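**Student:** Handing you this structure, nothing more for now.
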Amino acid sequence: MSERYDYGRAGIIGLGTPQANPTVEAEMRILFDPTVLTQTVRLTSRAEASNDRLREYLLGLESALERYDTLRPAAFGFACTGSSYLVRANDQALLLDRLQQRFGYPIVTATDAIAAELDSLGAKRIALASPYPGTLSDAAAEFWRAAGFDVATVQRIDTGIADTRGIYTLGSADARPIAEELAALDVDAVLLSGTGMPSLALLAQATGKPTIISSNYCLAAQLCRVAGLPALDRAQWTARLAEATIAKEPLQ
């Protein structure tokens, strides 16, 4: 990275996150070293139906990337797991290849990042924690089976509404009982799917096997690999997590 940059000495990472998602940017600030500059573009859709909205986030990615104008990040992360569950894998691959050719930087989807992380762990048998409505949960399970993984079970984390925006009302405490239940199974890894559900507190507290991973953690890790950045440092990001979540006295 050129020294002419005051910020982002390590590199610039682009992020695309759904329009109402409050979690991606917060967790990426914690996971990435402060010398990494993130530039976010919001993925938008006016569709009323959740699945239609998710598809449009991915299929409309070209117009979202055009909003960067002349900015060329070292890599771009598509931070919406559910979109990939609803689009044929070959169609997604062709779209990403075309966009990478046009814009000149690598594009990493959350699902590609998860697959890379599972492969690096040597994980084959997984358990899936899903904060999605039934049809999307089913699509998620089928996606990972088609990708070659043995999905032992899928446990839904109920948001109380049918719209996928319900994921944005969850905290890590809501996912903890399901994560602990799945971690007791005979699996290689537990996947907390969905970039809108806070997950870092659960990953920070997890010890031993199976490994617990999440969409945002995997995406950050793979973006570091693709962009040639140092690997995520657990000691550093857990310290930043503690600083970000510690209760502070209100300003007077």
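Starting from 1 in every chain, residues are counted up; chains themselves are A, B, ... following the order of the structure tokens, and ligands are numbered from 1 as listed.
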Counting only C-alpha atoms, what is within 6 Å of stretch 53-57 of chain A, bar same-chain residues fewer than 4 positions away, as a compact mmCIF listing (two decimals) with N, CA and C atoms, in the first residue's frame?

**Tutor:**
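Listed below is the output, selection_31.txt:
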# COMPACT_ATOMS: atom_id res chain seq x y z
N LEU A 43 -26.27 -2.56 0.03
CA LEU A 43 -27.00 -3.33 -0.97
C LEU A 43 -28.48 -3.02 -0.79
N SER A 45 -32.73 -2.89 -2.15
CA SER A 45 -33.81 -3.49 -2.92
C SER A 45 -35.12 -2.97 -2.37
N ALA A 47 -37.90 -4.74 -2.98
CA ALA A 47 -38.78 -5.91 -2.96
C ALA A 47 -39.35 -6.12 -1.56
N SER A 83 -28.23 -14.44 0.29
CA SER A 83 -28.37 -14.26 -1.15
C SER A 83 -27.83 -15.46 -1.91

**Student:** List every residue of stretch 59-245 of chain A that DSSP, applied to the backbone, labels as strand (DSSP E), and write the result as a compact mmCIF listing (two decimals) with N, CA and C atoms, in the first residue's frame.

**Tutor:**
# COMPACT_ATOMS: atom_id res chain seq x y z
N ALA A 75 -9.76 -5.77 -2.17
CA ALA A 75 -10.72 -6.87 -2.33
C ALA A 75 -12.07 -6.37 -1.84
N PHE A 76 -13.12 -7.02 -2.31
CA PHE A 76 -14.48 -6.63 -1.92
C PHE A 76 -15.18 -7.84 -1.32
N GLY A 77 -15.83 -7.63 -0.18
CA GLY A 77 -16.56 -8.71 0.47
C GLY A 77 -18.06 -8.52 0.36
N PHE A 78 -18.72 -9.50 -0.23
CA PHE A 78 -20.19 -9.49 -0.33
C PHE A 78 -20.74 -10.09 0.96
N ILE A 107 -13.65 -10.38 -5.71
CA ILE A 107 -14.90 -10.29 -4.97
C ILE A 107 -15.09 -11.60 -4.22
N VAL A 108 -15.26 -11.50 -2.92
CA VAL A 108 -15.40 -12.67 -2.06
C VAL A 108 -16.79 -12.66 -1.45
N THR A 109 -17.56 -13.72 -1.67
CA THR A 109 -18.86 -13.82 -1.02
C THR A 109 -18.70 -14.45 0.36
N ARG A 125 -18.18 -32.55 8.40
CA ARG A 125 -19.49 -32.70 9.02
C ARG A 125 -19.78 -31.44 9.85
N ILE A 126 -20.86 -30.75 9.52
CA ILE A 126 -21.14 -29.47 10.17
C ILE A 126 -22.55 -29.45 10.73
N ALA A 127 -22.74 -28.56 11.69
CA ALA A 127 -24.07 -28.24 12.22
C ALA A 127 -24.34 -26.78 11.90
N LEU A 128 -25.56 -26.48 11.56
CA LEU A 128 -25.91 -25.14 11.08
C LEU A 128 -26.89 -24.47 12.02
N ALA A 129 -26.53 -23.29 12.52
CA ALA A 129 -27.43 -22.45 13.28
C ALA A 129 -27.99 -21.40 12.33
N SER A 130 -29.30 -21.39 12.17
CA SER A 130 -29.93 -20.59 11.12
C SER A 130 -30.92 -19.59 11.70
N ASP A 150 -21.40 -32.53 4.92
CA ASP A 150 -22.42 -33.33 5.59
C ASP A 150 -23.08 -32.46 6.66
N VAL A 151 -24.30 -32.03 6.40
CA VAL A 151 -25.03 -31.18 7.35
C VAL A 151 -25.76 -32.08 8.33
N ALA A 152 -25.22 -32.19 9.54
CA ALA A 152 -25.78 -33.11 10.52
C ALA A 152 -27.15 -32.65 11.00
N THR A 153 -27.29 -31.35 11.19
CA THR A 153 -28.57 -30.81 11.66
C THR A 153 -28.63 -29.32 11.39
N VAL A 154 -29.84 -28.79 11.33
CA VAL A 154 -30.08 -27.36 11.20
C VAL A 154 -30.99 -26.94 12.35
N GLN A 155 -30.53 -25.99 13.16
CA GLN A 155 -31.34 -25.48 14.26
C GLN A 155 -31.66 -24.02 13.99
N ARG A 156 -32.95 -23.71 13.97
CA ARG A 156 -33.36 -22.32 13.71
C ARG A 156 -33.29 -21.49 14.98
N ALA A 189 -17.50 -28.77 12.83
CA ALA A 189 -17.64 -27.32 12.97
C ALA A 189 -19.10 -26.95 13.12
N VAL A 190 -19.34 -25.85 13.82
CA VAL A 190 -20.67 -25.27 13.95
C VAL A 190 -20.67 -23.95 13.22
N LEU A 191 -21.57 -23.80 12.26
CA LEU A 191 -21.66 -22.58 11.46
C LEU A 191 -22.82 -21.72 11.94
N LEU A 192 -22.50 -20.51 12.39
CA LEU A 192 -23.52 -19.51 12.72
C LEU A 192 -23.72 -18.69 11.45
N THR A 211 -15.07 -26.49 16.25
CA THR A 211 -14.82 -25.07 16.05
C THR A 211 -16.13 -24.37 15.69
N ILE A 212 -16.36 -23.21 16.31
CA ILE A 212 -17.53 -22.40 15.98
C ILE A 212 -17.07 -21.27 15.06
N ILE A 213 -17.73 -21.14 13.92
CA ILE A 213 -17.40 -20.09 12.97
C ILE A 213 -18.66 -19.32 12.61
N SER A 214 -18.49 -18.15 12.03
CA SER A 214 -19.64 -17.33 11.63
C SER A 214 -19.38 -16.70 10.27

**Student:** At what distance in Å, to one decimal, does atom CA of A:Gln19 lie from atom CA of A:Gly82?

**Tutor:** 13.7 Å

**Student:** For A:Arg42, which residue among A:Ala146, A:Ala183, A:Cys224, A:Leu65 is the nearest when counting only C-alpha atoms?

**Tutor:**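 Of the candidates, the smallest distance to A:Arg42 is held by A:Leu65.
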
**Student:** If you count only C-alpha atoms, which residues fall within 10 Å of stretch 96-98 of chain A, apart from same-chain ones fewer than 3 positions away, as a list in words?

**Tutor:**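 Within the cut-off, the hits are Leu58, Leu59, Leu61, Glu62, Asn90, Asp91, Gln92, Ala93, Gln101, Arg102, Phe103, Gly104, Pro106, Ile107, Val108 and Thr109 of chain A.
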
**Student:** For the residues in that selection, give me C-alpha atoms as a tab-separated table (two decimals), in the first residue's frame.

**Tutor:**
chain	number	residue	atom	x	y	z
A	58	LEU	CA	-26.60	-10.21	-5.40
A	59	LEU	CA	-28.02	-9.83	-8.90
A	61	LEU	CA	-24.26	-6.04	-7.28
A	62	GLU	CA	-22.89	-4.39	-10.42
A	90	ASN	CA	-23.07	-21.48	-11.43
A	91	ASP	CA	-25.01	-18.26	-11.99
A	92	GLN	CA	-23.27	-16.65	-9.03
A	93	ALA	CA	-19.85	-17.78	-10.25
A	101	GLN	CA	-13.09	-8.64	-14.88
A	102	ARG	CA	-14.89	-5.31	-15.13
A	103	PHE	CA	-13.81	-3.73	-11.84
A	104	GLY	CA	-10.37	-5.26	-11.49
A	106	PRO	CA	-11.37	-9.86	-6.30
A	107	ILE	CA	-14.90	-10.29	-4.97
A	108	VAL	CA	-15.40	-12.67	-2.06
A	109	THR	CA	-18.86	-13.82	-1.02

**Student:** Have a look at A:Ala64, A:Thr23, A:Lys209, A:Thr238 and name the one nearest to A:Leu170; count only C-alpha atoms.

**Tutor:**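 Using only C-alpha atoms, A:Leu170 sits closest to A:Thr23.
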
**Student:** Counting only C-alpha atoms, what is within 10 Å of A:Gly194, bar same-chain residues fewer than 4 positions away, as number ranges by chain?

**Tutor:** A: 24, 79-82, 110-111, 129-132, 164, 167-168, 198-199, 214-216

**Student:** From stretch 118-226 of chain A, collect each residue whose DSSP state is alpha helix (DSSP H) and return the set as an MDAnalysis selection string.

**Tutor:** chainID A and resid 118:121 134:146 172:183 200:205 215:226

**Student:** Rounded to one decimal place, report the atom CA of A:Asp233-atom CA of A:Ile178 distance in Å.

**Tutor:**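 A separation of 26.2 Å between them.
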